[in-house]
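A short worksheet on the structure shown next.
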Amino acid sequence: MKLSTAIFQILLGPLALAGAVPKGETKITYDGYKAFRVSTHNNPAAIKEKISKLNAVTYNVDNREHLDVAVPPQEIAAFEALKLETSVLHEDLGADIAKEGTVAAYEGVSAQAVPSLTWFNAYHAYADHVTFSSDLQAAFPNQSELVTAGTSFEGRTIFGIHLWGSGGKGSKPAVYYHGTVHAREWISTKVVEYIAYNLLTQYGTNTTVKAILDKYDFYILPVVNPDGFVYTQTANRLWRKNRQTRSGQSCVGTDINRNWPYKWELTNGASTNACDETYKGLAAGDSPENKGLVAFTLGLKNSKGIKLFIDWHSYGQYILFPYGYDCSLKPANYALQSSLAAGTAARIKLSYGTSFTYGPSCSTLYATTGDSVDYLDSVGLAQYAWTIELRPTGSGTGGFVLPAAQILPTAIEQWEGQKYLLAAA
């Protein structure tokens with residue numbers, strides 16, 4: 001759905017400004033928590049069983065090789081007594097969250113002025129992301145429009161920006177990006193915003209960028225899990241799911257990336273326990289966010305088709321393509337996808353030396369069912385459907401908590417990778 005800038009701001013404003021700690025809740029600080037990477041030796045279930053009696057917070061889900069956990073200060077001794085094979089991610093998670101930087105205020109810009117690159121020097125509140133997208137679009141009214149892709153459980157609009165080059169809007173195959181699917185993965189929002197920023201600001205001066213934007217229409221949704229994102233900034237920095245409540249369930253939230261209506265019924269890559277991080281919901285596509293995203297996706301499919309879909313996440317430094325639901329399957333164009341992923345990884349590495357692993361999602365990382373990439377590949381018929389897991393690797397370098405000083409380097413290396421990919425594809 002297209003929205004004018006004025007209507008966009010009126011619609012989103014009241015909901016976006018809710019920034020206080022939710023009523024009846026105390027903000028979790030994670031002060032004194034120590035985060036560890038635990039080697040699982042391909043048996044994560046055994047490690048989970050050993051730490052099940054501790055109040056540890058799990059970072060990653062079902063990785064065959066390692067499990068990342070944050071342990072509260074009063075249980076660190078008990079955790080270390082388990083004599084597991086570990087390395088340290090955060091000596092004090094709370095302190096590292098503080099180093100991540102205070103969520104900065106965004107002052108906005110005058111009418112039709114281009115926002116400053118200083119936007120990428122800090123993290124920002126949800127309301128400011130809404131304003132930034134509105135300001136960016138207003139600066140390029142002949143090459144962009146604001147769009148929406150449904151409404152969250154708590155009533156926030158899933159906003160985005162649509163970009164185009166010569167030929168006018170909606171005349172080319174789609175390049176389609178999702179950011180902040182999982183609420184705690186803040187860096188993904190900044191990366192897709194940086195790509196949008198550069199596509200628009202460099203179109204008139206960079207022949208490579210002009211060729212890309214003349215070839216594709218871009219649909220960029222920076223925050224597809226707005227309720228969860230707001231919650232990470234007001235109550236719990238490590239929250240993952242949306243904030244959906246369900247009758248008869250005490251635990252909150254559905255994993256949006258396990259709720260897509262494709263292979264949802266399988267049980268090897270998601271959880272049926274509402275308290276788990278990968279809870280799949282009660283039915284395929286039953287979260288409000290997924291309903292809106294599915295409708296938006298099918299609209300792109302039925303228009304000019306989808307050339308490339310990327311679901312941006314953190315962390316681990318992976319480029320992943322189908323399939324998540326079956327580790328024995330590879331896409332029909334596997335050789336081509338592998339070649340493009342290898343080239344993209346090589347181009348990313350040129351900027352700062354950051355290395356990325358690539359391959360089919362299930363066999364490279366872990367099984368996922370009801371996920372976006374498999375849906376976009378098999379139902380959305382995207383020619384390429386990828387997940388990119390951003391910095392860091394997590395091996396002695398932290399996890400979801402990425403210092404603000406790394407926003408621009410992360411965004412720059414991904415922009416270089418995307419320029420290669422979009423030209424090569």
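In the structure tokens, chains take letters A, B, ... by order of appearance, with residues numbered from 1 within each chain and ligands from 1 in the order shown.
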Worksheet item: Neighbours of Lys210 in chain A within 8 Å (only C-alpha atoms; same-chain residues fewer than 6 positions away dropped), as a ChimeraX atom specification?
Response: /A:165,199,202-204
Closest pair table for range 175-213 of chain A residues within 12 Å of range 263-281 of chain A, only C-alpha atoms, as CSV:
residue,atom,partner,partner_atom,distance
A:His182,CA,A:Glu277,CA,10.0
A:Ala183,CA,A:Glu277,CA,11.4
A:Arg184,CA,A:Glu277,CA,11.9
Worksheet item: Smallest atom-to-atom distance to Phe218 in chain A: which of A:Lys27, A:His124, A:Lys53, A:His162, using only C-alpha atoms?
Response: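 When distances to Phe218 in chain A are compared using only C-alpha atoms, the smallest one comes from A:His162.
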Worksheet entry | Between CA of Ala404 in chain A and CA of Thr180 in chain A, distance in Å (one decimal) | 16.2 Å
Sort by chain and increasing residue number a table of all residues of range 127-165 of chain A within 6 Å of range 99-123 of chain A, each with its closest pair of atoms and their distance in Å to one decimal, counting only C-alpha atoms, and write it as a tab-separated table.
residue	atom	partner	partner_atom	distance
A:Asp128	CA	A:Tyr106	CA	5.9
A:Ala138	CA	A:Gln112	CA	5.2
A:Ala139	CA	A:Gln112	CA	4.1
Go ahead and write the selection's residues with C-alpha atoms as a PDB file, in the first residue's frame.
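Full text of again-v1.pdb as output:
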ATOM      1  CA  ASP A 128      12.954   8.052  14.598  1.00  0.00           C
ATOM      2  CA  ALA A 138      10.594  13.414   0.816  1.00  0.00           C
ATOM      3  CA  ALA A 139      14.061  14.309  -0.489  1.00  0.00           C
TER       4      ALA A 139
END
Fill in: Nearby residues (only C-alpha atoms) at most 12 Å from Ala125 in chain A, same-chain spacing under 6 positions excluded, as a PyMOL selection string
chain A and resi 16-20+102-106+119+131-132+186+189-190+223+226-227+229-234
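Proximity to Glu185 in chain A was assessed for A:Asp255, A:Glu389, A:Asp68, A:Glu145 counting only C-alpha atoms; the smallest distance is recorded for A:Glu389.
You will find CA of Gln74 in chain A at 11.9 Å from CA of Tyr30 in chain A.
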Practice prompt. Name all residues at most 6 Å from Gln143 in chain A (count only C-alpha atoms; drop same-chain ones fewer than 2 positions away) and give them as a PyMOL selection string.
Written response: chain A and resi 140-141+163-164
Could you take the residues named above and write them with N, CA, C and O atoms, as a compact mmCIF listing (two decimals), in the first residue's frame?
# COMPACT_ATOMS: atom_id res chain seq x y z
N PHE A 140 13.48 12.68 -2.22
CA PHE A 140 13.52 12.10 -3.56
C PHE A 140 12.10 11.69 -3.99
O PHE A 140 11.83 10.51 -4.24
N PRO A 141 11.20 12.65 -4.08
CA PRO A 141 9.79 12.31 -4.30
C PRO A 141 9.50 11.71 -5.67
O PRO A 141 8.46 11.06 -5.85
N LEU A 163 11.65 2.21 -4.04
CA LEU A 163 12.55 3.02 -4.85
C LEU A 163 12.53 2.52 -6.29
O LEU A 163 12.38 1.33 -6.55
N TRP A 164 12.73 3.45 -7.24
CA TRP A 164 12.79 3.05 -8.64
C TRP A 164 13.66 4.02 -9.43
O TRP A 164 13.99 5.12 -8.96
Discussion item. Excluding range 367-380 of chain A and its own-chain neighbours fewer than 3 positions away, which residues fall within 9 Å of it when counting only C-alpha atoms? Please give them as a ChimeraX atom specification.
Written reply: /A:62-63,256-270,280,284-285,294,297-298,300-302,305-306,309-311,320-327,331,361-363,383-387
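Straight-line separation from CA of Ala342 in chain A to CA of Leu422 in chain A: 13.6 Å.
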Worksheet entry | DSSP strand (DSSP E or B) selection over range 208-422 of chain A, as a VMD selection string | chain A and resid 217 to 221 236 271 279 306 to 314 318 to 321 357 to 360 384 to 390
Keeping N, CA and C atoms, export the residues of the selection given above as an mmCIF file, in the first residue's frame.
data_model
loop_
_atom_site.group_PDB
_atom_site.id
_atom_site.type_symbol
_atom_site.label_atom_id
_atom_site.label_comp_id
_atom_site.auth_asym_id
_atom_site.auth_seq_id
_atom_site.Cartn_x
_atom_site.Cartn_y
_atom_site.Cartn_z
ATOM 1 N N ASP A 217 13.042 -2.494 -9.125
ATOM 2 C CA ASP A 217 12.331 -1.725 -8.104
ATOM 3 C C ASP A 217 12.706 -2.305 -6.748
ATOM 4 N N PHE A 218 13.052 -1.444 -5.802
ATOM 5 C CA PHE A 218 13.440 -1.891 -4.468
ATOM 6 C C PHE A 218 12.291 -1.646 -3.486
ATOM 7 N N TYR A 219 12.017 -2.657 -2.679
ATOM 8 C CA TYR A 219 11.020 -2.567 -1.611
ATOM 9 C C TYR A 219 11.735 -2.914 -0.308
ATOM 10 N N ILE A 220 11.927 -1.918 0.539
ATOM 11 C CA ILE A 220 12.777 -2.077 1.718
ATOM 12 C C ILE A 220 11.943 -1.814 2.972
ATOM 13 N N LEU A 221 11.774 -2.853 3.788
ATOM 14 C CA LEU A 221 11.021 -2.760 5.046
ATOM 15 C C LEU A 221 12.020 -2.828 6.194
ATOM 16 N N ASN A 236 13.682 -5.140 27.397
ATOM 17 C CA ASN A 236 14.569 -6.303 27.371
ATOM 18 C C ASN A 236 15.355 -6.299 26.070
ATOM 19 N N SER A 271 9.544 -24.537 17.219
ATOM 20 C CA SER A 271 9.029 -25.090 18.472
ATOM 21 C C SER A 271 7.513 -24.902 18.567
ATOM 22 N N TYR A 279 9.132 -20.261 18.799
ATOM 23 C CA TYR A 279 7.722 -20.672 18.788
ATOM 24 C C TYR A 279 7.072 -20.322 17.454
ATOM 25 N N ILE A 306 9.693 -11.262 -8.295
ATOM 26 C CA ILE A 306 10.736 -10.944 -7.319
ATOM 27 C C ILE A 306 12.060 -11.529 -7.806
ATOM 28 N N LYS A 307 13.006 -10.671 -8.069
ATOM 29 C CA LYS A 307 14.334 -11.111 -8.500
ATOM 30 C C LYS A 307 15.152 -11.595 -7.309
ATOM 31 N N LEU A 308 15.167 -10.789 -6.243
ATOM 32 C CA LEU A 308 16.022 -11.084 -5.081
ATOM 33 C C LEU A 308 15.287 -10.716 -3.807
ATOM 34 N N PHE A 309 15.293 -11.622 -2.850
ATOM 35 C CA PHE A 309 14.794 -11.354 -1.502
ATOM 36 C C PHE A 309 15.925 -11.608 -0.524
ATOM 37 N N ILE A 310 16.126 -10.678 0.406
ATOM 38 C CA ILE A 310 17.096 -10.902 1.480
ATOM 39 C C ILE A 310 16.435 -10.593 2.815
ATOM 40 N N ASP A 311 16.488 -11.560 3.709
ATOM 41 C CA ASP A 311 16.064 -11.405 5.097
ATOM 42 C C ASP A 311 17.331 -11.129 5.898
ATOM 43 N N TRP A 312 17.479 -9.900 6.388
ATOM 44 C CA TRP A 312 18.716 -9.494 7.066
ATOM 45 C C TRP A 312 18.619 -9.787 8.558
ATOM 46 N N HIS A 313 19.635 -10.446 9.077
ATOM 47 C CA HIS A 313 19.676 -10.840 10.488
ATOM 48 C C HIS A 313 21.073 -10.578 11.057
ATOM 49 N N SER A 314 21.198 -10.798 12.341
ATOM 50 C CA SER A 314 22.498 -10.913 12.991
ATOM 51 C C SER A 314 22.346 -11.969 14.082
ATOM 52 N N TYR A 318 27.058 -15.092 7.899
ATOM 53 C CA TYR A 318 26.657 -16.139 6.964
ATOM 54 C C TYR A 318 25.869 -15.536 5.801
ATOM 55 N N ILE A 319 26.000 -16.151 4.638
ATOM 56 C CA ILE A 319 25.102 -15.939 3.507
ATOM 57 C C ILE A 319 24.424 -17.281 3.256
ATOM 58 N N LEU A 320 23.110 -17.330 3.453
ATOM 59 C CA LEU A 320 22.381 -18.595 3.434
ATOM 60 C C LEU A 320 21.284 -18.560 2.381
ATOM 61 N N PHE A 321 21.154 -19.648 1.634
ATOM 62 C CA PHE A 321 20.080 -19.759 0.656
ATOM 63 C C PHE A 321 19.317 -21.057 0.908
ATOM 64 N N THR A 357 30.686 -17.070 5.675
ATOM 65 C CA THR A 357 30.467 -18.449 5.249
ATOM 66 C C THR A 357 29.169 -18.497 4.455
ATOM 67 N N TYR A 358 29.097 -19.322 3.426
ATOM 68 C CA TYR A 358 27.880 -19.364 2.612
ATOM 69 C C TYR A 358 27.508 -20.808 2.302
ATOM 70 N N GLY A 359 26.206 -21.004 2.022
ATOM 71 C CA GLY A 359 25.709 -22.323 1.657
ATOM 72 C C GLY A 359 24.231 -22.454 1.959
ATOM 73 N N PRO A 360 23.626 -23.626 1.662
ATOM 74 C CA PRO A 360 22.220 -23.855 1.986
ATOM 75 C C PRO A 360 21.990 -23.726 3.486
ATOM 76 N N TYR A 384 16.216 -15.506 -6.380
ATOM 77 C CA TYR A 384 17.192 -15.701 -5.310
ATOM 78 C C TYR A 384 16.531 -15.294 -3.998
ATOM 79 N N ALA A 385 16.601 -16.155 -2.997
ATOM 80 C CA ALA A 385 16.061 -15.854 -1.674
ATOM 81 C C ALA A 385 17.131 -16.200 -0.644
ATOM 82 N N TRP A 386 17.613 -15.196 0.052
ATOM 83 C CA TRP A 386 18.755 -15.371 0.954
ATOM 84 C C TRP A 386 18.451 -14.851 2.352
ATOM 85 N N THR A 387 19.180 -15.406 3.304
ATOM 86 C CA THR A 387 19.361 -14.796 4.618
ATOM 87 C C THR A 387 20.808 -14.334 4.698
ATOM 88 N N ILE A 388 21.021 -13.121 5.158
ATOM 89 C CA ILE A 388 22.379 -12.680 5.473
ATOM 90 C C ILE A 388 22.446 -12.394 6.963
ATOM 91 N N GLU A 389 23.314 -13.144 7.642
ATOM 92 C CA GLU A 389 23.582 -12.939 9.063
ATOM 93 C C GLU A 389 24.800 -12.017 9.168
ATOM 94 N N LEU A 390 24.600 -10.853 9.739
ATOM 95 C CA LEU A 390 25.623 -9.812 9.780
ATOM 96 C C LEU A 390 26.659 -10.048 10.867
#
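In this comparison, which uses only C-alpha atoms, the residue of A:Asp214, A:Phe153, A:Tyr59, A:Ser166 approaching Thr254 in chain A most closely is A:Phe153.
In this comparison, which uses only C-alpha atoms, the residue of A:Ala77, A:Ile195, A:Leu146, A:Ile161 approaching Ile212 in chain A most closely is A:Ile195.
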Worksheet item: For Asp96 in chain A, which residue out of A:Leu408, A:Lys34, A:Asn142, A:Asn242 is the nearest one, using only C-alpha atoms?
Response: A:Lys34
Item to complete: Could you pull out the residues in range 104-309 of chain A that DSSP calls alpha helix (DSSP H) from the backbone, as a ChimeraX atom specification?
Response: /A:126-139,186-201,207-215,226-234,288-301
Worksheet item: Between A:Trp239, A:Ile76, A:Lys419, A:Val175, which has the minimum distance to Val209 in chain A (counting only C-alpha atoms)?
Response: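 Using only C-alpha atoms, Val209 in chain A sits closest to A:Lys419.
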